[in-house]
Amino acid sequence: MARIPAEQRGPGLGRDAVRLLVSRGREQVSLHAFQELPGLLRAGDVLVVNTSATLAAAVDARLGGEDLVVHFSTRGDDGRWAVELRAPVGDGTTRRRAGGPAGAVPALPGGYRLTLEEPLAAGADRLWWARPSPAADGVPALLRAYGRPIRYVYTERDQPLSAYQTVFAVPAADGSGSAEMPSAGRPFTAELVARLVSRGVQFAPLVLHTGVASQEAHEPPYPERYEVSATTAGLVNAARAAGGRVIAVGTTAVRALESAADARGRVRPAAGWTDLVVTPERGVRVVDGLLTGLHEPEASHLLMLEAVAGRAAVRLGYAEARARLCLWHEFGDVHLLLKDENRDHMHCGSNAR
């Protein structure tokens with residue numbers, strides 16, 4: 001597991017000092033330096049990137065005599081926030097704790113409070129809707145003053161918030177953002193972006209605010225807020241019409257882009273909430289490739305990878321990742337999965353619905 005960011009592993013290293021596994025169909029897999037990415041793409045390809053900024057979403061709290069850490073996951077439209085209550089372990093990380101109960105009022109720094117109201121989803125108690133006091137507009141100020149990035153047990157130490165921002169991050173005016181970094185974009189640097197643009201690769205930005213993942217239970221993703229602009233829709237549609245490849249940088253970009261596509265794979269401007277879960281049965285209608293981190297075997301994200309590249313390609317790629325000792329998780333190596341261009345494929349197959 002990648003316990004520290006790439007740039008902290010040795011002198012002179014940058015964020016792009018990670019390895020890039022490339023899977024092309026069920027029989028081709030190769031390992032590269034991430035800096036080689038421009039040579040692996042073509043003029044006319046479009047990289048779809050998530051510009052959601054990462055929040056300092058973990059805040060210490062007290063409930064009665066109990067110490068807690070609150071993870072702020074998702075800002076609702078009604079002034080509430082979806083939150084996860086965690087138990088501190090003592091080394092800067094946390095462990096799972098039962099959510100609730102309804103009516104509980106955790107106390108936060110600076111005089112802030114939360115009132116827990118109901119689980120985010122029926123039958124699940126990990127994430128709860130909570131009403132902040134003062135109002136929701138105060139939560140961004142709370143996070144700026146007292147928050148820190150969410151950290152998991154496989155990391156070695158706390159990192160500054162800057163370590164969790166990608167080069168594409170744009171802060172939202174209303175203080176919304178991602179509870180967890182859209183990590184597939186992390187290895188990109190300004191220099192690498194310039195090299196890609198010089199090669200004729202285009203960038204199409206969108207927004208999907210990522211909620212708190214389930215590290216223990218590997219639940220499917222909950223609904224998340226997203227926005228695909230008319231400019232990005234036009235870029236993607238034009239690339240597809242001209243024979244260029246649409247490559248999503250991260251599973252969040254796939255979720256947002258596929259949510260904005262119609263049954264024929266034409267992308268339209270869209271904004272709101274998406275509950276789309278991309279599976280092999282649903283298929284993908286727009287995306288030709290996916291650049292992503294390495295996911296654990298139980299993670300629901302693997303179904304999305306199979307939807308893009310097929311199960312055989314995913315299994316072959318992961319076998320190679322293990323054999324070559326690639327590094328997992330948000331500070332680790334990345335995996336580019338491309339559709340097999342030697343086989344017939346459709347953006348909208350007969351199994352799309």
# chains A, B, ... in the order shown; residues from 1 in each chain; ligands from 1
>>> select_by_dssp(residues="region 54-196 of chain A", states="strand (DSSP E)", output="PyMOL selection string")
chain A and resi 58-63+66-75+81-88+94-96+113-119+127-133
>>> select_by_dssp(residues="region 70-318 of chain A", states="helix (DSSP H, G or I)", output="JSON list (two decimals) with N, CA, C and O atoms, in the first residue's frame")
[["chain", "number", "residue", "atom", "x", "y", "z"],
["A", 109, "PRO", "N", -16.05, 21.81, 17.45],
["A", 109, "PRO", "CA", -15.30, 22.99, 17.88],
["A", 109, "PRO", "C", -15.98, 24.29, 17.43],
["A", 109, "PRO", "O", -16.78, 24.30, 16.49],
["A", 110, "GLY", "N", -15.65, 25.38, 18.12],
["A", 110, "GLY", "CA", -16.14, 26.69, 17.72],
["A", 110, "GLY", "C", -17.61, 26.91, 17.98],
["A", 110, "GLY", "O", -18.22, 27.82, 17.40],
["A", 111, "GLY", "N", -18.22, 26.08, 18.84],
["A", 111, "GLY", "CA", -19.63, 26.25, 19.16],
["A", 111, "GLY", "C", -20.59, 25.64, 18.16],
["A", 111, "GLY", "O", -21.81, 25.80, 18.27],
["A", 136, "ALA", "N", -26.13, 25.47, 7.41],
["A", 136, "ALA", "CA", -25.21, 24.76, 6.53],
["A", 136, "ALA", "C", -24.13, 25.66, 5.96],
["A", 136, "ALA", "O", -23.02, 25.22, 5.67],
["A", 137, "ASP", "N", -24.45, 26.95, 5.79],
["A", 137, "ASP", "CA", -23.46, 27.87, 5.24],
["A", 137, "ASP", "C", -22.25, 28.00, 6.15],
["A", 137, "ASP", "O", -21.18, 28.44, 5.72],
["A", 138, "GLY", "N", -22.41, 27.61, 7.43],
["A", 138, "GLY", "CA", -21.30, 27.69, 8.36],
["A", 138, "GLY", "C", -20.36, 26.51, 8.30],
["A", 138, "GLY", "O", -19.24, 26.58, 8.83],
["A", 139, "VAL", "N", -20.79, 25.41, 7.68],
["A", 139, "VAL", "CA", -19.95, 24.21, 7.64],
["A", 139, "VAL", "C", -18.64, 24.45, 6.89],
["A", 139, "VAL", "O", -17.58, 24.03, 7.36],
["A", 140, "PRO", "N", -18.64, 25.10, 5.73],
["A", 140, "PRO", "CA", -17.34, 25.37, 5.09],
["A", 140, "PRO", "C", -16.38, 26.14, 5.99],
["A", 140, "PRO", "O", -15.17, 25.85, 6.00],
["A", 141, "ALA", "N", -16.90, 27.11, 6.75],
["A", 141, "ALA", "CA", -16.04, 27.85, 7.68],
["A", 141, "ALA", "C", -15.54, 26.93, 8.79],
["A", 141, "ALA", "O", -14.37, 27.03, 9.20],
["A", 142, "LEU", "N", -16.40, 26.05, 9.27],
["A", 142, "LEU", "CA", -15.99, 25.06, 10.28],
["A", 142, "LEU", "C", -14.86, 24.19, 9.77],
["A", 142, "LEU", "O", -13.85, 23.97, 10.46],
["A", 143, "LEU", "N", -14.99, 23.71, 8.54],
["A", 143, "LEU", "CA", -13.97, 22.82, 7.98],
["A", 143, "LEU", "C", -12.67, 23.57, 7.75],
["A", 143, "LEU", "O", -11.58, 23.02, 7.98],
["A", 144, "ARG", "N", -12.76, 24.81, 7.30],
["A", 144, "ARG", "CA", -11.54, 25.59, 7.10],
["A", 144, "ARG", "C", -10.81, 25.84, 8.41],
["A", 144, "ARG", "O", -9.58, 25.83, 8.47],
["A", 145, "ALA", "N", -11.56, 26.06, 9.47],
["A", 145, "ALA", "CA", -10.94, 26.41, 10.75],
["A", 145, "ALA", "C", -10.48, 25.18, 11.54],
["A", 145, "ALA", "O", -9.43, 25.23, 12.20],
["A", 146, "TYR", "N", -11.23, 24.09, 11.49],
["A", 146, "TYR", "CA", -10.98, 22.97, 12.40],
["A", 146, "TYR", "C", -10.81, 21.62, 11.69],
["A", 146, "TYR", "O", -10.48, 20.62, 12.34],
["A", 161, "LEU", "N", -3.68, 19.53, 3.61],
["A", 161, "LEU", "CA", -4.76, 19.46, 2.64],
["A", 161, "LEU", "C", -4.23, 19.57, 1.22],
["A", 161, "LEU", "O", -4.78, 18.95, 0.29],
["A", 162, "SER", "N", -3.15, 20.31, 1.01],
["A", 162, "SER", "CA", -2.59, 20.46, -0.33],
["A", 162, "SER", "C", -2.19, 19.13, -0.95],
["A", 162, "SER", "O", -2.20, 18.97, -2.17],
["A", 163, "ALA", "N", -1.83, 18.16, -0.12],
["A", 163, "ALA", "CA", -1.45, 16.84, -0.63],
["A", 163, "ALA", "C", -2.64, 16.11, -1.22],
["A", 163, "ALA", "O", -2.47, 15.15, -1.99],
["A", 164, "TYR", "N", -3.85, 16.53, -0.87],
["A", 164, "TYR", "CA", -5.07, 15.88, -1.34],
["A", 164, "TYR", "C", -5.79, 16.68, -2.43],
["A", 164, "TYR", "O", -6.90, 16.33, -2.82],
["A", 183, "SER", "N", -8.79, 10.90, -6.72],
["A", 183, "SER", "CA", -7.36, 10.61, -6.65],
["A", 183, "SER", "C", -6.73, 10.22, -7.98],
["A", 183, "SER", "O", -5.50, 10.28, -8.12],
["A", 184, "ALA", "N", -7.52, 9.83, -8.98],
["A", 184, "ALA", "CA", -6.91, 9.48, -10.26],
["A", 184, "ALA", "C", -6.21, 10.67, -10.90],
["A", 184, "ALA", "O", -5.27, 10.50, -11.67],
["A", 185, "GLY", "N", -6.65, 11.88, -10.55],
["A", 185, "GLY", "CA", -6.01, 13.07, -11.10],
["A", 185, "GLY", "C", -4.78, 13.51, -10.34],
["A", 185, "GLY", "O", -4.08, 14.44, -10.78],
["A", 190, "ALA", "N", 1.31, 20.36, -13.67],
["A", 190, "ALA", "CA", 1.10, 21.38, -14.70],
["A", 190, "ALA", "C", 1.97, 21.10, -15.92],
["A", 190, "ALA", "O", 1.53, 21.29, -17.07],
["A", 191, "GLU", "N", 3.18, 20.65, -15.69],
["A", 191, "GLU", "CA", 4.09, 20.36, -16.81],
["A", 191, "GLU", "C", 3.55, 19.22, -17.67],
["A", 191, "GLU", "O", 3.58, 19.28, -18.91],
["A", 192, "LEU", "N", 3.05, 18.17, -17.02],
["A", 192, "LEU", "CA", 2.52, 17.04, -17.77],
["A", 192, "LEU", "C", 1.27, 17.43, -18.55],
["A", 192, "LEU", "O", 1.08, 17.01, -19.70],
["A", 193, "VAL", "N", 0.43, 18.25, -17.94],
["A", 193, "VAL", "CA", -0.76, 18.73, -18.65],
["A", 193, "VAL", "C", -0.35, 19.50, -19.90],
["A", 193, "VAL", "O", -0.92, 19.33, -20.98],
["A", 194, "ALA", "N", 0.68, 20.35, -19.78],
["A", 194, "ALA", "CA", 1.16, 21.11, -20.94],
["A", 194, "ALA", "C", 1.68, 20.19, -22.04],
["A", 194, "ALA", "O", 1.44, 20.43, -23.24],
["A", 195, "ARG", "N", 2.38, 19.13, -21.65],
["A", 195, "ARG", "CA", 2.88, 18.17, -22.65],
["A", 195, "ARG", "C", 1.72, 17.47, -23.36],
["A", 195, "ARG", "O", 1.78, 17.22, -24.57],
["A", 196, "LEU", "N", 0.69, 17.12, -22.62],
["A", 196, "LEU", "CA", -0.46, 16.46, -23.22],
["A", 196, "LEU", "C", -1.18, 17.39, -24.19],
["A", 196, "LEU", "O", -1.55, 16.99, -25.30],
["A", 197, "VAL", "N", -1.36, 18.65, -23.78],
["A", 197, "VAL", "CA", -2.00, 19.62, -24.67],
["A", 197, "VAL", "C", -1.17, 19.82, -25.94],
["A", 197, "VAL", "O", -1.70, 19.89, -27.05],
["A", 198, "SER", "N", 0.15, 19.86, -25.77],
["A", 198, "SER", "CA", 1.03, 20.02, -26.94],
["A", 198, "SER", "C", 0.90, 18.84, -27.90],
["A", 198, "SER", "O", 1.12, 18.99, -29.11],
["A", 199, "ARG", "N", 0.55, 17.69, -27.38],
["A", 199, "ARG", "CA", 0.38, 16.51, -28.23],
["A", 199, "ARG", "C", -0.97, 16.49, -28.93],
["A", 199, "ARG", "O", -1.20, 15.68, -29.82],
["A", 230, "ALA", "N", -22.16, 22.60, -20.74],
["A", 230, "ALA", "CA", -22.39, 22.54, -22.18],
["A", 230, "ALA", "C", -21.06, 22.48, -22.94],
["A", 230, "ALA", "O", -20.95, 21.79, -23.98],
["A", 231, "THR", "N", -20.03, 23.14, -22.43],
["A", 231, "THR", "CA", -18.72, 23.11, -23.08],
["A", 231, "THR", "C", -18.15, 21.71, -23.08],
["A", 231, "THR", "O", -17.65, 21.23, -24.11],
["A", 232, "THR", "N", -18.21, 21.05, -21.93],
["A", 232, "THR", "CA", -17.68, 19.68, -21.85],
["A", 232, "THR", "C", -18.50, 18.73, -22.70],
["A", 232, "THR", "O", -17.95, 17.86, -23.39],
["A", 233, "ALA", "N", -19.82, 18.86, -22.67],
["A", 233, "ALA", "CA", -20.66, 18.02, -23.52],
["A", 233, "ALA", "C", -20.27, 18.18, -24.99],
["A", 233, "ALA", "O", -20.14, 17.20, -25.73],
["A", 234, "GLY", "N", -20.04, 19.42, -25.41],
["A", 234, "GLY", "CA", -19.66, 19.66, -26.79],
["A", 234, "GLY", "C", -18.30, 19.07, -27.13],
["A", 234, "GLY", "O", -18.12, 18.49, -28.21],
["A", 235, "LEU", "N", -17.33, 19.21, -26.23],
["A", 235, "LEU", "CA", -16.00, 18.64, -26.47],
["A", 235, "LEU", "C", -16.07, 17.13, -26.64],
["A", 235, "LEU", "O", -15.46, 16.56, -27.55],
["A", 236, "VAL", "N", -16.81, 16.48, -25.76],
["A", 236, "VAL", "CA", -16.90, 15.02, -25.81],
["A", 236, "VAL", "C", -17.63, 14.57, -27.06],
["A", 236, "VAL", "O", -17.19, 13.63, -27.76],
["A", 237, "ASN", "N", -18.74, 15.18, -27.37],
["A", 237, "ASN", "CA", -19.50, 14.78, -28.56],
["A", 237, "ASN", "C", -18.69, 15.00, -29.84],
["A", 237, "ASN", "O", -18.72, 14.17, -30.76],
["A", 238, "ALA", "N", -17.95, 16.11, -29.89],
["A", 238, "ALA", "CA", -17.14, 16.38, -31.07],
["A", 238, "ALA", "C", -16.01, 15.37, -31.20],
["A", 238, "ALA", "O", -15.70, 14.91, -32.32],
["A", 239, "ALA", "N", -15.39, 15.01, -30.09],
["A", 239, "ALA", "CA", -14.31, 14.02, -30.14],
["A", 239, "ALA", "C", -14.83, 12.68, -30.63],
["A", 239, "ALA", "O", -14.19, 12.02, -31.47],
["A", 240, "ARG", "N", -15.97, 12.27, -30.13],
["A", 240, "ARG", "CA", -16.52, 10.98, -30.55],
["A", 240, "ARG", "C", -16.87, 10.99, -32.03],
["A", 240, "ARG", "O", -16.64, 10.02, -32.75],
["A", 241, "ALA", "N", -17.42, 12.11, -32.50],
["A", 241, "ALA", "CA", -17.79, 12.21, -33.91],
["A", 241, "ALA", "C", -16.56, 12.17, -34.81],
["A", 241, "ALA", "O", -16.63, 11.67, -35.95],
["A", 251, "THR", "N", -13.03, 7.16, -11.55],
["A", 251, "THR", "CA", -14.38, 6.58, -11.57],
["A", 251, "THR", "C", -15.43, 7.66, -11.39],
["A", 251, "THR", "O", -16.55, 7.53, -11.88],
["A", 252, "THR", "N", -15.09, 8.75, -10.68],
["A", 252, "THR", "CA", -16.06, 9.84, -10.52],
["A", 252, "THR", "C", -16.39, 10.48, -11.85],
["A", 252, "THR", "O", -17.54, 10.85, -12.11],
["A", 253, "ALA", "N", -15.38, 10.62, -12.72],
["A", 253, "ALA", "CA", -15.63, 11.21, -14.04],
["A", 253, "ALA", "C", -16.52, 10.31, -14.88],
["A", 253, "ALA", "O", -17.37, 10.78, -15.63],
["A", 254, "VAL", "N", -16.33, 8.99, -14.75],
["A", 254, "VAL", "CA", -17.21, 8.05, -15.47],
["A", 254, "VAL", "C", -18.64, 8.22, -14.99],
["A", 254, "VAL", "O", -19.58, 8.32, -15.79],
["A", 255, "ARG", "N", -18.83, 8.25, -13.69],
["A", 255, "ARG", "CA", -20.19, 8.33, -13.13],
["A", 255, "ARG", "C", -20.90, 9.59, -13.61],
["A", 255, "ARG", "O", -22.06, 9.55, -14.01],
["A", 256, "ALA", "N", -20.20, 10.72, -13.55],
["A", 256, "ALA", "CA", -20.82, 11.97, -13.97],
["A", 256, "ALA", "C", -21.11, 11.98, -15.46],
["A", 256, "ALA", "O", -22.20, 12.35, -15.91],
["A", 257, "LEU", "N", -20.12, 11.59, -16.27],
["A", 257, "LEU", "CA", -20.28, 11.67, -17.72],
["A", 257, "LEU", "C", -21.36, 10.72, -18.21],
["A", 257, "LEU", "O", -22.20, 11.09, -19.04],
["A", 258, "GLU", "N", -21.36, 9.50, -17.70],
["A", 258, "GLU", "CA", -22.38, 8.54, -18.12],
["A", 258, "GLU", "C", -23.77, 8.96, -17.64],
["A", 258, "GLU", "O", -24.77, 8.64, -18.28],
["A", 259, "SER", "N", -23.84, 9.69, -16.53],
["A", 259, "SER", "CA", -25.13, 10.19, -16.05],
["A", 259, "SER", "C", -25.70, 11.25, -16.98],
["A", 259, "SER", "O", -26.91, 11.46, -17.02],
["A", 301, "HIS", "N", -16.13, -0.40, -7.32],
["A", 301, "HIS", "CA", -15.53, 0.25, -8.49],
["A", 301, "HIS", "C", -15.07, -0.76, -9.53],
["A", 301, "HIS", "O", -14.98, -0.44, -10.72],
["A", 302, "LEU", "N", -14.72, -1.97, -9.10],
["A", 302, "LEU", "CA", -14.22, -2.96, -10.06],
["A", 302, "LEU", "C", -15.27, -3.30, -11.11],
["A", 302, "LEU", "O", -14.93, -3.64, -12.24],
["A", 303, "LEU", "N", -16.56, -3.22, -10.73],
["A", 303, "LEU", "CA", -17.61, -3.46, -11.72],
["A", 303, "LEU", "C", -17.57, -2.41, -12.82],
["A", 303, "LEU", "O", -17.81, -2.72, -13.99],
["A", 304, "MET", "N", -17.25, -1.17, -12.45],
["A", 304, "MET", "CA", -17.12, -0.12, -13.45],
["A", 304, "MET", "C", -15.96, -0.40, -14.38],
["A", 304, "MET", "O", -16.06, -0.22, -15.60],
["A", 305, "LEU", "N", -14.83, -0.86, -13.82],
["A", 305, "LEU", "CA", -13.68, -1.19, -14.66],
["A", 305, "LEU", "C", -14.05, -2.28, -15.66],
["A", 305, "LEU", "O", -13.66, -2.23, -16.83],
["A", 306, "GLU", "N", -14.79, -3.28, -15.20],
["A", 306, "GLU", "CA", -15.22, -4.36, -16.09],
["A", 306, "GLU", "C", -16.17, -3.85, -17.16],
["A", 306, "GLU", "O", -16.14, -4.32, -18.30],
["A", 307, "ALA", "N", -16.99, -2.86, -16.81],
["A", 307, "ALA", "CA", -17.90, -2.29, -17.81],
["A", 307, "ALA", "C", -17.13, -1.60, -18.92],
["A", 307, "ALA", "O", -17.54, -1.61, -20.08],
["A", 308, "VAL", "N", -16.00, -0.99, -18.58],
["A", 308, "VAL", "CA", -15.20, -0.27, -19.58],
["A", 308, "VAL", "C", -14.35, -1.22, -20.41],
["A", 308, "VAL", "O", -14.30, -1.13, -21.64],
["A", 309, "ALA", "N", -13.64, -2.14, -19.74],
["A", 309, "ALA", "CA", -12.61, -2.92, -20.43],
["A", 309, "ALA", "C", -12.88, -4.42, -20.49],
["A", 309, "ALA", "O", -12.17, -5.12, -21.21],
["A", 311, "ARG", "N", -14.05, -8.08, -18.05],
["A", 311, "ARG", "CA", -13.52, -8.76, -16.87],
["A", 311, "ARG", "C", -12.14, -9.36, -17.11],
["A", 311, "ARG", "O", -11.27, -9.30, -16.25],
["A", 312, "ALA", "N", -11.92, -9.91, -18.30],
["A", 312, "ALA", "CA", -10.63, -10.54, -18.58],
["A", 312, "ALA", "C", -9.50, -9.52, -18.52],
["A", 312, "ALA", "O", -8.42, -9.79, -17.97],
["A", 313, "ALA", "N", -9.73, -8.32, -19.05],
["A", 313, "ALA", "CA", -8.71, -7.28, -19.03],
["A", 313, "ALA", "C", -8.42, -6.84, -17.60],
["A", 313, "ALA", "O", -7.26, -6.60, -17.23],
["A", 314, "VAL", "N", -9.47, -6.71, -16.79],
["A", 314, "VAL", "CA", -9.28, -6.30, -15.40],
["A", 314, "VAL", "C", -8.48, -7.35, -14.64],
["A", 314, "VAL", "O", -7.53, -7.04, -13.91],
["A", 315, "ARG", "N", -8.82, -8.60, -14.83],
["A", 315, "ARG", "CA", -8.10, -9.67, -14.11],
["A", 315, "ARG", "C", -6.64, -9.75, -14.55],
["A", 315, "ARG", "O", -5.75, -9.91, -13.72],
["A", 316, "LEU", "N", -6.40, -9.61, -15.84],
["A", 316, "LEU", "CA", -5.03, -9.64, -16.32],
["A", 316, "LEU", "C", -4.23, -8.46, -15.77],
["A", 316, "LEU", "O", -3.09, -8.61, -15.33],
["A", 317, "GLY", "N", -4.85, -7.28, -15.77],
["A", 317, "GLY", "CA", -4.17, -6.10, -15.26],
["A", 317, "GLY", "C", -3.83, -6.22, -13.78],
["A", 317, "GLY", "O", -2.72, -5.89, -13.35],
["A", 318, "TYR", "N", -4.75, -6.75, -13.01],
["A", 318, "TYR", "CA", -4.51, -6.87, -11.57],
["A", 318, "TYR", "C", -3.49, -7.96, -11.26],
["A", 318, "TYR", "O", -2.71, -7.84, -10.30]]
>>> atom_distance(atom1="CA of Gly250 (chain A)", atom2="CA of Trp81 (chain A)")
24.2 Å
>>> residues_around(residues="Arg266 (chain A)", least_positions_apart="2", cutoff="9 Å", atoms="only C-alpha atoms", output="list in words")
Ala233, Val236, Asn237, Ala260, Ala261, Asp262, Ala263, Arg264, Arg268, Arg285 and Val286 of chain A
>>> residues_around(residues="Thr74 (chain A)", least_positions_apart="5", cutoff="12 Å", atoms="only C-alpha atoms", output="ChimeraX atom specification")
/A:54-55,57,79-84,120,127-130,136,139-140,175-180,208-213,222-226,273
>>> write_last_selection(atoms="N, CA and C atoms", output="tab-separated table (two decimals), in the first residue's frame")
chain	number	residue	atom	x	y	z
A	54	THR	N	-10.93	18.98	-2.82
A	54	THR	CA	-11.04	18.13	-1.63
A	54	THR	C	-11.21	18.99	-0.39
A	55	LEU	N	-12.14	18.59	0.46
A	55	LEU	CA	-12.42	19.32	1.69
A	55	LEU	C	-11.58	18.77	2.85
A	57	ALA	N	-12.39	17.42	5.58
A	57	ALA	CA	-13.72	16.95	5.95
A	57	ALA	C	-13.79	16.21	7.28
A	79	GLY	N	-30.04	22.00	3.28
A	79	GLY	CA	-29.29	22.57	4.40
A	79	GLY	C	-28.65	21.54	5.30
A	80	ARG	N	-28.95	20.27	5.08
A	80	ARG	CA	-28.33	19.22	5.89
A	80	ARG	C	-27.03	18.75	5.24
A	81	TRP	N	-26.23	18.03	6.01
A	81	TRP	CA	-25.04	17.35	5.50
A	81	TRP	C	-25.14	15.86	5.85
A	82	ALA	N	-24.74	15.02	4.92
A	82	ALA	CA	-24.56	13.61	5.24
A	82	ALA	C	-23.21	13.45	5.94
A	83	VAL	N	-23.22	12.80	7.09
A	83	VAL	CA	-22.01	12.67	7.89
A	83	VAL	C	-21.82	11.22	8.31
A	84	GLU	N	-20.58	10.88	8.60
A	84	GLU	CA	-20.24	9.58	9.17
A	84	GLU	C	-19.55	9.82	10.51
A	120	LEU	N	-28.93	8.01	5.85
A	120	LEU	CA	-28.96	8.47	4.47
A	120	LEU	C	-29.76	7.51	3.59
A	127	LEU	N	-23.89	6.32	7.19
A	127	LEU	CA	-24.04	7.73	6.90
A	127	LEU	C	-25.41	8.21	7.36
A	128	TRP	N	-25.42	9.38	8.01
A	128	TRP	CA	-26.66	9.97	8.51
A	128	TRP	C	-26.80	11.40	8.00
A	129	TRP	N	-28.05	11.79	7.74
A	129	TRP	CA	-28.34	13.19	7.51
A	129	TRP	C	-28.33	13.90	8.85
A	130	ALA	N	-27.60	15.02	8.91
A	130	ALA	CA	-27.49	15.81	10.14
A	130	ALA	C	-27.70	17.27	9.81
A	136	ALA	N	-26.13	25.47	7.41
A	136	ALA	CA	-25.21	24.76	6.53
A	136	ALA	C	-24.13	25.66	5.96
A	139	VAL	N	-20.79	25.41	7.68
A	139	VAL	CA	-19.95	24.21	7.64
A	139	VAL	C	-18.64	24.45	6.89
A	140	PRO	N	-18.64	25.10	5.73
A	140	PRO	CA	-17.34	25.37	5.09
A	140	PRO	C	-16.38	26.14	5.99
A	175	GLY	N	-18.80	26.36	-1.06
A	175	GLY	CA	-18.07	25.56	-0.09
A	175	GLY	C	-18.21	24.07	-0.26
A	176	SER	N	-18.94	23.63	-1.27
A	176	SER	CA	-19.05	22.20	-1.53
A	176	SER	C	-17.73	21.66	-2.05
A	177	GLY	N	-17.59	20.36	-2.00
A	177	GLY	CA	-16.38	19.73	-2.50
A	177	GLY	C	-16.45	18.24	-2.24
A	178	SER	N	-15.32	17.59	-2.38
A	178	SER	CA	-15.25	16.15	-2.19
A	178	SER	C	-14.71	15.81	-0.81
A	179	ALA	N	-15.38	14.89	-0.14
A	179	ALA	CA	-14.89	14.42	1.15
A	179	ALA	C	-13.59	13.65	0.98
A	180	GLU	N	-13.45	13.02	-0.16
A	180	GLU	CA	-12.23	12.28	-0.48
A	180	GLU	C	-11.73	12.71	-1.85
A	208	LEU	N	-17.92	16.23	-9.92
A	208	LEU	CA	-18.68	15.29	-9.10
A	208	LEU	C	-18.08	15.35	-7.71
A	209	HIS	N	-18.91	15.75	-6.73
A	209	HIS	CA	-18.44	15.86	-5.36
A	209	HIS	C	-18.52	14.48	-4.70
A	210	THR	N	-17.35	13.94	-4.44
A	210	THR	CA	-17.25	12.57	-3.94
A	210	THR	C	-17.57	12.51	-2.46
A	211	GLY	N	-18.43	11.58	-2.08
A	211	GLY	CA	-18.76	11.38	-0.67
A	211	GLY	C	-17.76	10.46	0.01
A	212	VAL	N	-18.04	10.14	1.27
A	212	VAL	CA	-17.16	9.28	2.05
A	212	VAL	C	-17.35	7.83	1.61
A	213	ALA	N	-16.28	7.21	1.17
A	213	ALA	CA	-16.33	5.81	0.75
A	213	ALA	C	-16.48	4.90	1.95
A	222	TYR	N	-23.28	6.02	-2.93
A	222	TYR	CA	-24.54	6.70	-2.70
A	222	TYR	C	-24.71	7.80	-3.74
A	223	PRO	N	-25.92	8.40	-3.82
A	223	PRO	CA	-26.09	9.53	-4.74
A	223	PRO	C	-25.11	10.66	-4.44
A	224	GLU	N	-24.61	11.29	-5.49
A	224	GLU	CA	-23.63	12.36	-5.36
A	224	GLU	C	-24.00	13.49	-6.32
A	225	ARG	N	-23.61	14.71	-5.96
A	225	ARG	CA	-23.91	15.88	-6.79
A	225	ARG	C	-22.90	15.98	-7.92
A	226	TYR	N	-23.39	16.37	-9.10
A	226	TYR	CA	-22.50	16.47	-10.26
A	226	TYR	C	-22.96	17.58	-11.18
A	273	TRP	N	-28.22	15.43	-8.94
A	273	TRP	CA	-27.76	14.26	-8.19
A	273	TRP	C	-27.77	13.04	-9.10
>>> residues_around(residues="region 203-207 of chain A", least_positions_apart="5", cutoff="7 Å", atoms="only C-alpha atoms", output="list in words")
Val46, Leu47, Val48, Val49, Asn50, Thr51, Ser52, Tyr226, Glu227, Val228, Ser229, Thr232 and Leu235 of chain A
>>> atom_distance(atom1="CA of Val287 (chain A)", atom2="CA of Val22 (chain A)")
16.0 Å
>>> atom_distance(atom1="CA of Ala56 (chain A)", atom2="CA of Ala17 (chain A)")
24.9 Å
>>> residues_around(residues="Ala98 (chain A)", least_positions_apart="2", cutoff="8 Å", atoms="only C-alpha atoms", output="PyMOL selection string")
chain A and resi 85+96+100+125-126
>>> residues_around(residues="Ala321 (chain A)", least_positions_apart="4", cutoff="10 Å", atoms="only C-alpha atoms", output="PyMOL selection string")
chain A and resi 20-21+29-31+294+315-317+325-328+333-335
>>> closest_residue(among="A:Gly76, A:Pro182, A:Pro280, A:Gly332", to="Pro5 (chain A)", atoms="only C-alpha atoms")
A:Gly332
>>> closest_atom_pairs(of="region 146-177 of chain A", to="region 86-95 of chain A", cutoff="8 Å", atoms="only C-alpha atoms", output="JSON lines")
{"residue": "A:Arg151", "atom": "CA", "partner": "A:Thr93", "partner_atom": "CA", "distance": 6.0}
{"residue": "A:Tyr152", "atom": "CA", "partner": "A:Thr93", "partner_atom": "CA", "distance": 5.8}
{"residue": "A:Val153", "atom": "CA", "partner": "A:Thr93", "partner_atom": "CA", "distance": 5.6}
{"residue": "A:Arg157", "atom": "CA", "partner": "A:Gly92", "partner_atom": "CA", "distance": 7.5}
{"residue": "A:Asp158", "atom": "CA", "partner": "A:Gly92", "partner_atom": "CA", "distance": 7.1}
>>> closest_residue(among="A:Ala53, A:Ala124, A:Gly147, A:Arg9", to="Phe168 (chain A)", atoms="only C-alpha atoms")
A:Ala53
